[in-house]
Amino acid sequence: MFMMKCPKILFLFGVVLLHYSCFLQSAISSSTSNFTDQSALLAIQSKLSFDPTNIVLGGNWTTKTSFCNWVGVFCSKRRQRVTALKLSYMALQGTISPHIGNLSFLVSLDLRNNSFFGPLPNEISRLHRLRSLLLHNNQLQGSIPPTLYHCQNLEVLVLEVNRLTGPIPRELGFLPRLRTLFLGLNNLTGTIPSPLGNISTLERLSLDESGLTGSFSSALLNLTSLTMISLAKNSISGSLPVDLCHYWPNIRNISFSFNKFSGKIPSRIGQCRELKILSLSHNSFVGSIPEEVWSLQHLQILFLAGNKLTGTISPSIGNMSNLKRFVVGRNNIEGNIPGNLGHLSNLAFLGLAFNSLTGPIPQVIFNISSLEGLEIQSNALSGEFPSSAVFLPNLNSLLFHTNQITGPIPTYFSNFTKLTQLDADNNLLYGPIPMNLGSLKHLQFLNLARNQLAGEPGFDELRFLSSLLNSSSLEYIILYENPLNGIIPDSIGNFSQSLQVIYAPACQIRGHIPKSIGSLRNLTFLYLAHNNLSGKIPSSIRGLETLQRLYLQNNSIEGFVPNELCHLKNLGEILLSNNKISGLIPNCIGNLRRLQIVLLDSNSLTSSIPMSLWNLESLLVLNLSFNSFNGDLPQGMRKLNAVQVIDLSWNQISGNIPSIIGAFQSLRSLNLSNNLFVGNVPKTFGDLKVLEDLDLSHNSLSGTIPKSLETLKYLEHLNFSFNHLSGQIPSGGPFANFTAQSFLENGELCGRPDFGVRNCTPQSTQNSKAALHLFKYILPAIASTMILAALVYRLIKYHKKRNAGLPSSVEPTLSAIEHRMISYQELRRATNDFCESNALG
């Protein structure tokens with residue numbers, strides 16, 4: 001009755017009940033979905049092994065707070081579902097959990113710039129709403145999942161700078177909305193799949209340094225929306241179509257450097273009106289630079305270096321007002337540098353090195369205040385630098401070595417306040433080195449070698465070196481083959497903070513090595529060879545803690561090899577040849593475990609070679625020739641596996657040659673000539689499989705030449721002359737190429753006539769000669785001995801009978817003599833195979 005009277009109330013009650021039911025169902029569904037997302041995030045968290053910020057592993061990623069408030073997690077407002085996960089630049093380590101595929105509302109996944117490793121989960125293909133996948137700069141491995149094509153809404157896919165392998169999946173060509181595809185800097189293989197040409201929406205494609213091969217895919221010409229394509233550092237070959245720009249009307253960046261492209265640069269390249277970057281360096285392009293290139297008004301970067309281009313640089317280059325970097329080095333470009341380059345007010349880098357350019361450097365180039373780098377080395381440029389002052393406030397690199405530029409070094413170089421590299425090597429510069437180069441605070445590399453530069457007139461000291469003290473960043477000073485004719489100032493020690501290399505051989509430097517040189521604690525390379533240095537090596541040299549190479553050969557240095565050298569633990573090469581150094585090699589030299597090259601030849605060193613020198617496991621080259629070393633080589637010397645050259649010639653070393661030398665498996669050259677060695681040539685020398693040079697001449701060696709040397713297939717030079725060797729010279733292997741010069745003035749050597757020795761007697765002749773000796777000399781001697789013995793025996797027997805009646809007190813004066821039979825072999829051994837010198841008559 002009540003229901004019939006109050007239908008409106010009943011209706012309202014039903015609506016409320018239905019609404020509550022829907023709300024409850026929605027809440028239950030929402031709660032379930034939220035739990036799924038939270039579980040997926042916790043699974044992702046569990047796969048992390050390292051989190052330096054401790055935000056994800058120990059921070060707010062906890063169930064005590066809503067996951068929508070976790071760092072890097074972004075949720076939709078209405079449904080509270082995860083739509084974006086951004087954990088980039090957090091140095092996270094671990095693998096990507098397959099549960100990532102349960103974040104079904106995910107639109108953006110950004111894990112770039114971490115250290116994720118392992119495979120890329122196939123479960124990502126379940127993220128049908130995904131638009132952006134950024135996983136670059138990690139350590140992901142395995143292949144790119146072909147199932148990614150299921151992410152049909154994907155617009156940005158960036159997987160570059162990982163360790164992915166295998167081919168590029170063809171299936172990626174079926175992503176209908178993809179705009180950006182970056183897969184470079186991986187270890188991919190194969191060719192560019194042609195289905196990529198089906199992605200009509202693709203705007204940016206980068207496959208740099210991915211190990212790709214094959215020819216340029218014409219399918220890429222279908223990408224009419226393309227604005228950027230980079231295929232640099234692969235092995236892609238083929239030629240580019242003439243009308244390339246017809247297919248890519250919107251292209252702004254073409255980067256094909258470091259490939260195997262050939263043919264000519266497309267002649268219609270001028271139709272790419274929007275082009276800003278054209279990089280075709282280090283391929284095999286031929287012909288001249290198309291005239292249309294100079295009409296690209298928007299072009300900012302033009303890289304054409306390392307090809308086979310010819311022709312000249314057109315003066316029309318002056319019209320490219322936006323050009324910032326122009327590099328055409330390592331080609332065959334001829335002619336002059338066009339003066340119109342001076343119109344390029346935005347030019348920052350000009351690279352014309354390694355061509356055949358001639359004429360002077362246009363002075364207008366020095367008016368380009370934006371210029372940061374000028375590299376014009378290895379051409380045939382001439383003339384002088386501008387005489388008027390020049391100010392290039394942004395110039396940091398000035399390289400013009402190997403040209404014919406003359407005149408003095410301009411003093412206004414000191415105005416280039418940002419200069420870090422100055423290379424003027426191999427020109428015709430003359431005059432004093434400017435004192436004001438020291439004002440270049442940022443200068444790191446200074447190369448003035450192979451000119452006619454000198455020190456300051458009227459001063460013995462090379463004062464420009466003192467001025468360079470102000471260059472607190474200076475690391476390299478290279479001055480070789482200049483007539484400096486001066487003394488190194490003691491103030492050079494003030495370079496202690498930065499200087500690493502002093503390279504100044506053949507500079508007519510005189511005087512002593514300054515004691516302050518020990519303050520150069522970062523010096524790794526000291527090269528003062530071929531000068532007129534005198535005095536001793538200063539004991540302060542022990543301060544060169546990082547020194548790796550010490551080159552002081554061909555000077556007039558006196559005194560001993562200082563013990564302080566043994567403190568240079570990083571020393572790898574020491575060259576003191578052709579000086580006046582005397583005394584002995586300090587035994588502590590064995591402490592220099594990194595020593596590889598030791599050249600102490602042509603000095604006045606004495607005593608024996610220290611045993612510790614043979615303990616240097618890294619030793620490659622040892623030259624102690626032309627000294628006065630004596631004593632023996634120790635028989636207990638250590639096996640050196642790395643050594644390649646040993647030269648001990650022209651000393652007074654005696655004793656036997658140690659057989660352990662035959663175990664030096666890397667030895668290529670061995671010179672023991674002009675010493676006092678005795679004994680045999682070790683048979684172990686046949687184990688020196690890579691030996692090329694062997695000189696044992698002018699010693700007192702005896703015995704035979706080991707036949708084992710026939711196995712040395714690389715042996716080219718051999719000298720056994722002036723010894724006491726005997727026996728047959730081997731004729732097999734490398735001995736077939738040697739001449740008489742290798743065996744002069746020996747004992748009883750025999751062999752081939754071209755060896756300059758007598759023929760060896762054939763074995764049959766030796767046997768008949770032995771028989772002749774037997775019948776002519778030996779047998780008569782044996783017979784005579786036997787007859788004499790018989791006569792003695794008869795005589796004794798006769799006396800016994802005669803004296804039988806004598807008293808018993810008389811004893812016989814002779815005792816019985818017994819004789820045994822002598823075998824033929826015993827006679828042969830006793831007479832040295834019946835040698836004539838043993839004949840009795």
# chains A, B, ... in the order shown; residues from 1 in each chain; ligands from 1
call {"tool": "select_by_dssp", "arguments": {"residues": "segment 312-543 of chain A", "states": "strand (DSSP E or B)", "output": "mmCIF file with C-alpha atoms, in the first residue's frame"}}
result
data_model
loop_
_atom_site.group_PDB
_atom_site.id
_atom_site.type_symbol
_atom_site.label_atom_id
_atom_site.label_comp_id
_atom_site.auth_asym_id
_atom_site.auth_seq_id
_atom_site.Cartn_x
_atom_site.Cartn_y
_atom_site.Cartn_z
ATOM 1 C CA ARG A 325 82.392 25.646 -39.393
ATOM 2 C CA PHE A 326 84.034 24.838 -42.740
ATOM 3 C CA VAL A 327 86.338 21.805 -42.871
ATOM 4 C CA GLU A 334 94.361 23.492 -54.969
ATOM 5 C CA GLY A 335 94.615 27.219 -55.554
ATOM 6 C CA PHE A 349 86.368 27.146 -37.360
ATOM 7 C CA LEU A 350 88.286 27.015 -40.648
ATOM 8 C CA GLY A 351 89.968 23.685 -41.450
ATOM 9 C CA SER A 356 97.737 21.646 -51.938
ATOM 10 C CA LEU A 357 96.780 25.251 -51.292
ATOM 11 C CA THR A 358 99.266 27.919 -52.311
ATOM 12 C CA GLY A 359 99.789 31.632 -51.937
ATOM 13 C CA PRO A 360 99.646 33.778 -48.811
ATOM 14 C CA GLY A 373 90.190 27.553 -34.760
ATOM 15 C CA LEU A 374 92.423 28.092 -37.806
ATOM 16 C CA GLU A 375 93.978 24.878 -39.123
ATOM 17 C CA ALA A 380 102.243 25.062 -49.618
ATOM 18 C CA LEU A 381 101.217 28.433 -48.227
ATOM 19 C CA SER A 382 103.783 31.203 -48.294
ATOM 20 C CA SER A 397 93.831 26.815 -31.962
ATOM 21 C CA LEU A 398 96.345 28.143 -34.534
ATOM 22 C CA LEU A 399 97.956 25.341 -36.550
ATOM 23 C CA THR A 406 108.412 33.128 -43.479
ATOM 24 C CA GLY A 407 109.238 36.173 -41.392
ATOM 25 C CA GLN A 421 97.535 25.388 -29.245
ATOM 26 C CA LEU A 422 100.206 27.089 -31.369
ATOM 27 C CA ASP A 423 101.901 24.863 -33.982
ATOM 28 C CA LEU A 428 110.731 29.364 -42.711
ATOM 29 C CA LEU A 429 110.295 31.518 -39.633
ATOM 30 C CA TYR A 430 113.333 33.330 -38.300
ATOM 31 C CA GLY A 431 114.392 35.782 -35.627
ATOM 32 C CA PRO A 432 114.056 35.573 -31.844
ATOM 33 C CA PHE A 445 100.845 23.195 -26.619
ATOM 34 C CA LEU A 446 103.726 25.170 -28.192
ATOM 35 C CA ASN A 447 105.504 23.745 -31.271
ATOM 36 C CA GLN A 452 115.413 29.242 -37.999
ATOM 37 C CA LEU A 453 114.385 30.697 -34.677
ATOM 38 C CA ALA A 454 116.945 31.802 -32.135
ATOM 39 C CA GLU A 461 120.310 32.325 -21.541
ATOM 40 C CA TYR A 476 104.344 20.767 -24.258
ATOM 41 C CA ILE A 477 107.393 22.738 -25.427
ATOM 42 C CA ILE A 478 108.681 21.509 -28.813
ATOM 43 C CA ILE A 487 121.743 27.999 -22.113
ATOM 44 C CA VAL A 501 107.205 17.407 -22.372
ATOM 45 C CA ILE A 502 110.429 19.231 -23.279
ATOM 46 C CA TYR A 503 111.426 18.260 -26.819
ATOM 47 C CA ARG A 510 124.954 24.384 -24.426
ATOM 48 C CA GLY A 511 125.962 24.535 -20.806
ATOM 49 C CA HIS A 512 124.908 22.338 -17.915
ATOM 50 C CA PHE A 525 109.462 13.294 -21.540
ATOM 51 C CA LEU A 526 112.852 15.068 -21.480
ATOM 52 C CA TYR A 527 114.514 15.111 -24.927
ATOM 53 C CA ASN A 532 126.235 20.627 -26.775
ATOM 54 C CA LEU A 533 125.379 19.929 -23.152
ATOM 55 C CA SER A 534 128.275 19.391 -20.770
ATOM 56 C CA LYS A 536 127.149 15.989 -15.086
#
call {"tool": "residues_around", "arguments": {"residues": "Gln80 of chain A", "least_positions_apart": "4", "cutoff": "8 Å", "atoms": "only C-alpha atoms", "output": "list in words"}}
result
Asn34, Cys68, Cys75 and Ser76 of chain A
call {"tool": "write_last_selection", "arguments": {"atoms": "N, CA, C and O atoms", "output": "CSV table (one decimal), in the first residue's frame"}}
result
chain,number,residue,atom,x,y,z
A,34,ASN,N,44.8,0.1,-9.2
A,34,ASN,CA,45.9,0.8,-8.5
A,34,ASN,C,46.8,-0.2,-7.9
A,34,ASN,O,48.1,0.0,-7.8
A,68,CYS,N,51.6,7.4,-6.4
A,68,CYS,CA,51.5,8.6,-7.3
A,68,CYS,C,52.4,9.7,-6.8
A,68,CYS,O,52.6,10.7,-7.5
A,75,CYS,N,50.9,10.3,-12.3
A,75,CYS,CA,49.6,9.6,-12.5
A,75,CYS,C,48.6,10.5,-13.1
A,75,CYS,O,48.7,11.7,-13.1
A,76,SER,N,47.6,9.8,-13.7
A,76,SER,CA,46.4,10.6,-14.2
A,76,SER,C,45.6,11.1,-13.0
A,76,SER,O,45.5,10.4,-12.0
call {"tool": "residues_around", "arguments": {"residues": "Ser516 of chain A", "least_positions_apart": "2", "cutoff": "6 Å", "atoms": "only C-alpha atoms", "output": "count of residues only"}}
result
5
call {"tool": "closest_residue", "arguments": {"among": "A:Gly583, A:Pro195, A:Pro362, A:Gly190", "to": "Gly339 of chain A", "atoms": "only C-alpha atoms"}}
result
A:Pro362
call {"tool": "residues_around", "arguments": {"residues": "segment 649-652 of chain A", "least_positions_apart": "2", "cutoff": "7 Å", "atoms": "only C-alpha atoms", "output": "tab-separated table (two decimals) with all heavy atoms, in the first residue's frame"}}
result
chain	number	residue	atom	x	y	z
A	625	SER	N	127.24	-1.21	-26.26
A	625	SER	CA	128.42	-1.33	-27.12
A	625	SER	C	129.37	-0.15	-26.97
A	625	SER	O	128.99	0.92	-26.48
A	625	SER	CB	127.98	-1.48	-28.57
A	625	SER	OG	127.28	-0.33	-29.01
A	626	PHE	N	130.62	-0.36	-27.41
A	626	PHE	CA	131.64	0.68	-27.41
A	626	PHE	C	131.84	1.28	-26.02
A	626	PHE	O	131.78	2.49	-25.82
A	626	PHE	CB	131.31	1.76	-28.44
A	626	PHE	CG	131.43	1.29	-29.86
A	626	PHE	CD1	130.31	0.82	-30.54
A	626	PHE	CD2	132.64	1.30	-30.52
A	626	PHE	CE1	130.40	0.37	-31.84
A	626	PHE	CE2	132.75	0.85	-31.83
A	626	PHE	CZ	131.64	0.40	-32.50
A	627	ASN	N	132.06	0.40	-25.05
A	627	ASN	CA	132.45	0.80	-23.72
A	627	ASN	C	133.64	-0.07	-23.32
A	627	ASN	O	134.35	-0.59	-24.19
A	627	ASN	CB	131.28	0.63	-22.74
A	627	ASN	CG	130.29	1.77	-22.82
A	627	ASN	OD1	130.56	2.87	-22.34
A	627	ASN	ND2	129.13	1.54	-23.43
A	628	SER	N	133.88	-0.21	-22.03
A	628	SER	CA	134.99	-1.04	-21.54
A	628	SER	C	134.48	-2.02	-20.50
A	628	SER	O	135.14	-2.27	-19.47
A	628	SER	CB	136.09	-0.15	-20.96
A	628	SER	OG	136.64	0.69	-21.95
A	629	PHE	N	133.34	-2.61	-20.72
A	629	PHE	CA	132.82	-3.61	-19.79
A	629	PHE	C	133.70	-4.86	-19.85
A	629	PHE	O	134.20	-5.23	-20.91
A	629	PHE	CB	131.37	-3.97	-20.15
A	629	PHE	CG	130.39	-2.88	-19.87
A	629	PHE	CD1	129.79	-2.18	-20.91
A	629	PHE	CD2	130.06	-2.54	-18.57
A	629	PHE	CE1	128.88	-1.16	-20.66
A	629	PHE	CE2	129.15	-1.52	-18.31
A	629	PHE	CZ	128.57	-0.83	-19.35
A	630	ASN	N	133.86	-5.51	-18.69
A	630	ASN	CA	134.66	-6.73	-18.63
A	630	ASN	C	133.93	-7.78	-17.81
A	630	ASN	O	132.75	-7.61	-17.47
A	630	ASN	CB	136.04	-6.43	-18.04
A	630	ASN	CG	135.95	-5.68	-16.72
A	630	ASN	OD1	135.19	-6.08	-15.83
A	630	ASN	ND2	136.69	-4.59	-16.60
A	647	ASP	N	122.92	-5.57	-27.82
A	647	ASP	CA	124.18	-5.22	-28.46
A	647	ASP	C	125.22	-4.95	-27.37
A	647	ASP	O	125.16	-3.94	-26.68
A	647	ASP	CB	124.02	-3.99	-29.35
A	647	ASP	CG	125.25	-3.74	-30.22
A	647	ASP	OD1	126.30	-4.36	-29.97
A	647	ASP	OD2	125.15	-2.92	-31.16
A	654	SER	N	134.31	-11.52	-21.32
A	654	SER	CA	134.95	-12.81	-21.55
A	654	SER	C	134.04	-13.94	-21.08
A	654	SER	O	132.88	-13.73	-20.73
A	654	SER	CB	136.29	-12.85	-20.80
A	654	SER	OG	136.09	-12.59	-19.42
A	671	ASN	N	124.22	-8.94	-30.98
A	671	ASN	CA	125.57	-8.56	-31.40
A	671	ASN	C	126.51	-8.67	-30.19
A	671	ASN	O	126.43	-7.86	-29.27
A	671	ASN	CB	125.59	-7.14	-31.97
A	671	ASN	CG	126.90	-6.80	-32.64
A	671	ASN	OD1	127.90	-7.50	-32.48
A	671	ASN	ND2	126.91	-5.73	-33.41
A	672	LEU	N	127.37	-9.69	-30.22
A	672	LEU	CA	128.36	-9.91	-29.17
A	672	LEU	C	129.78	-9.78	-29.74
A	672	LEU	O	130.75	-10.26	-29.14
A	672	LEU	CB	128.18	-11.30	-28.54
A	672	LEU	CG	126.79	-11.61	-27.96
A	672	LEU	CD1	126.75	-13.03	-27.42
A	672	LEU	CD2	126.40	-10.62	-26.89
A	673	SER	N	129.91	-9.15	-30.87
A	673	SER	CA	131.20	-9.09	-31.57
A	673	SER	C	132.22	-8.23	-30.82
A	673	SER	O	131.87	-7.43	-29.95
A	673	SER	CB	130.99	-8.52	-32.97
A	673	SER	OG	130.56	-7.18	-32.91
A	674	ASN	N	133.51	-8.47	-31.18
A	674	ASN	CA	134.62	-7.69	-30.64
A	674	ASN	C	134.67	-7.72	-29.11
A	674	ASN	O	134.72	-6.70	-28.44
A	674	ASN	CB	134.55	-6.24	-31.15
A	674	ASN	CG	134.82	-6.14	-32.63
A	674	ASN	OD1	135.97	-6.14	-33.07
A	674	ASN	ND2	133.74	-6.10	-33.41
A	675	ASN	N	134.63	-8.94	-28.58
A	675	ASN	CA	134.80	-9.18	-27.17
A	675	ASN	C	135.82	-10.30	-26.98
A	675	ASN	O	136.63	-10.56	-27.89
A	675	ASN	CB	133.46	-9.54	-26.52
A	675	ASN	CG	132.62	-8.32	-26.21
A	675	ASN	OD1	132.91	-7.58	-25.28
A	675	ASN	ND2	131.58	-8.09	-27.00
A	676	LEU	N	135.81	-10.96	-25.83
A	676	LEU	CA	136.77	-12.02	-25.52
A	676	LEU	C	136.05	-13.33	-25.20
A	676	LEU	O	136.52	-14.13	-24.40
A	676	LEU	CB	137.64	-11.59	-24.32
A	676	LEU	CG	138.41	-10.27	-24.48
A	676	LEU	CD1	139.08	-9.91	-23.17
A	676	LEU	CD2	139.41	-10.35	-25.61
call {"tool": "residues_around", "arguments": {"residues": "Leu159 of chain A", "least_positions_apart": "2", "cutoff": "6 Å", "atoms": "only C-alpha atoms", "output": "list of chain:residue names"}}
result
A:Leu135, A:His136, A:Leu183
call {"tool": "residues_around", "arguments": {"residues": "Asn531 of chain A", "least_positions_apart": "4", "cutoff": "9 Å", "atoms": "only C-alpha atoms", "output": "list in words"}}
result
Ala504, Pro505, Ala506, Cys507, Gln508, Ile509, Arg510, Leu552, Gln553, Asn554, Asn555 and Ser556 of chain A
call {"tool": "select_by_dssp", "arguments": {"residues": "segment 555-686 of chain A", "states": "helix (DSSP H, G or I)", "output": "PyMOL selection string"}}
result
chain A and resi 563-567+587-591+611-615+659-663+683-686
call {"tool": "write_last_selection", "arguments": {"atoms": "N, CA, C and O atoms", "output": "JSON list (two decimals), in the first residue's frame"}}
result
[["chain", "number", "residue", "atom", "x", "y", "z"],
["A", 563, "ASN", "N", 123.14, 7.40, -9.17],
["A", 563, "ASN", "CA", 122.24, 6.47, -8.47],
["A", 563, "ASN", "C", 120.84, 7.03, -8.36],
["A", 563, "ASN", "O", 119.86, 6.29, -8.23],
["A", 564, "GLU", "N", 120.72, 8.35, -8.42],
["A", 564, "GLU", "CA", 119.40, 8.99, -8.27],
["A", 564, "GLU", "C", 118.44, 8.59, -9.39],
["A", 564, "GLU", "O", 117.22, 8.71, -9.23],
["A", 565, "LEU", "N", 118.98, 8.13, -10.53],
["A", 565, "LEU", "CA", 118.09, 7.66, -11.60],
["A", 565, "LEU", "C", 117.22, 6.49, -11.15],
["A", 565, "LEU", "O", 116.13, 6.28, -11.67],
["A", 566, "CYS", "N", 117.73, 5.75, -10.19],
["A", 566, "CYS", "CA", 117.01, 4.55, -9.73],
["A", 566, "CYS", "C", 115.74, 4.90, -8.97],
["A", 566, "CYS", "O", 114.94, 4.01, -8.66],
["A", 567, "HIS", "N", 115.55, 6.18, -8.66],
["A", 567, "HIS", "CA", 114.32, 6.61, -7.97],
["A", 567, "HIS", "C", 113.19, 6.90, -8.95],
["A", 567, "HIS", "O", 112.05, 7.14, -8.53],
["A", 587, "ASN", "N", 123.97, -0.80, -9.64],
["A", 587, "ASN", "CA", 123.24, -2.05, -9.51],
["A", 587, "ASN", "C", 121.76, -1.82, -9.27],
["A", 587, "ASN", "O", 120.92, -2.65, -9.61],
["A", 588, "CYS", "N", 121.42, -0.66, -8.72],
["A", 588, "CYS", "CA", 120.01, -0.37, -8.42],
["A", 588, "CYS", "C", 119.17, -0.17, -9.67],
["A", 588, "CYS", "O", 117.94, 0.00, -9.57],
["A", 589, "ILE", "N", 119.79, -0.22, -10.86],
["A", 589, "ILE", "CA", 119.02, -0.06, -12.09],
["A", 589, "ILE", "C", 117.97, -1.16, -12.22],
["A", 589, "ILE", "O", 116.95, -1.00, -12.90],
["A", 590, "GLY", "N", 118.22, -2.27, -11.53],
["A", 590, "GLY", "CA", 117.24, -3.35, -11.55],
["A", 590, "GLY", "C", 115.93, -3.01, -10.87],
["A", 590, "GLY", "O", 114.94, -3.73, -10.99],
["A", 591, "ASN", "N", 115.90, -1.87, -10.14],
["A", 591, "ASN", "CA", 114.66, -1.44, -9.49],
["A", 591, "ASN", "C", 113.68, -0.79, -10.46],
["A", 591, "ASN", "O", 112.51, -0.60, -10.13],
["A", 611, "MET", "N", 124.25, -7.76, -12.58],
["A", 611, "MET", "CA", 123.29, -8.87, -12.70],
["A", 611, "MET", "C", 121.85, -8.37, -12.70],
["A", 611, "MET", "O", 120.98, -8.92, -13.37],
["A", 612, "SER", "N", 121.59, -7.28, -11.96],
["A", 612, "SER", "CA", 120.22, -6.78, -11.84],
["A", 612, "SER", "C", 119.66, -6.33, -13.18],
["A", 612, "SER", "O", 118.44, -6.30, -13.36],
["A", 613, "LEU", "N", 120.54, -5.97, -14.13],
["A", 613, "LEU", "CA", 120.06, -5.52, -15.44],
["A", 613, "LEU", "C", 119.34, -6.65, -16.17],
["A", 613, "LEU", "O", 118.44, -6.39, -16.98],
["A", 614, "TRP", "N", 119.72, -7.88, -15.87],
["A", 614, "TRP", "CA", 119.11, -9.03, -16.54],
["A", 614, "TRP", "C", 117.83, -9.48, -15.85],
["A", 614, "TRP", "O", 117.27, -10.51, -16.20],
["A", 615, "ASN", "N", 117.39, -8.71, -14.86],
["A", 615, "ASN", "CA", 116.13, -9.03, -14.18],
["A", 615, "ASN", "C", 114.98, -8.14, -14.64],
["A", 615, "ASN", "O", 113.88, -8.23, -14.10],
["A", 659, "SER", "N", 123.96, -20.12, -22.41],
["A", 659, "SER", "CA", 122.99, -20.79, -23.27],
["A", 659, "SER", "C", 121.57, -20.28, -23.03],
["A", 659, "SER", "O", 120.70, -20.46, -23.89],
["A", 660, "ILE", "N", 121.31, -19.61, -21.88],
["A", 660, "ILE", "CA", 119.97, -19.10, -21.59],
["A", 660, "ILE", "C", 119.53, -18.07, -22.62],
["A", 660, "ILE", "O", 118.33, -17.86, -22.82],
["A", 661, "ILE", "N", 120.48, -17.43, -23.31],
["A", 661, "ILE", "CA", 120.11, -16.44, -24.33],
["A", 661, "ILE", "C", 119.25, -17.09, -25.40],
["A", 661, "ILE", "O", 118.40, -16.43, -26.01],
["A", 662, "GLY", "N", 119.43, -18.37, -25.62],
["A", 662, "GLY", "CA", 118.60, -19.08, -26.60],
["A", 662, "GLY", "C", 117.14, -19.17, -26.21],
["A", 662, "GLY", "O", 116.30, -19.55, -27.04],
["A", 663, "ALA", "N", 116.82, -18.79, -24.97],
["A", 663, "ALA", "CA", 115.43, -18.81, -24.51],
["A", 663, "ALA", "C", 114.75, -17.46, -24.65],
["A", 663, "ALA", "O", 113.59, -17.32, -24.29],
["A", 683, "LYS", "N", 124.08, -24.27, -28.78],
["A", 683, "LYS", "CA", 123.10, -24.89, -29.68],
["A", 683, "LYS", "C", 121.71, -24.31, -29.49],
["A", 683, "LYS", "O", 120.87, -24.36, -30.40],
["A", 684, "THR", "N", 121.46, -23.73, -28.30],
["A", 684, "THR", "CA", 120.14, -23.16, -28.01],
["A", 684, "THR", "C", 119.81, -21.97, -28.89],
["A", 684, "THR", "O", 118.65, -21.55, -28.95],
["A", 685, "PHE", "N", 120.82, -21.41, -29.58],
["A", 685, "PHE", "CA", 120.54, -20.29, -30.48],
["A", 685, "PHE", "C", 119.57, -20.71, -31.59],
["A", 685, "PHE", "O", 118.93, -19.86, -32.21],
["A", 686, "GLY", "N", 119.48, -22.00, -31.84],
["A", 686, "GLY", "CA", 118.52, -22.49, -32.82],
["A", 686, "GLY", "C", 117.08, -22.32, -32.39],
["A", 686, "GLY", "O", 116.16, -22.49, -33.19]]
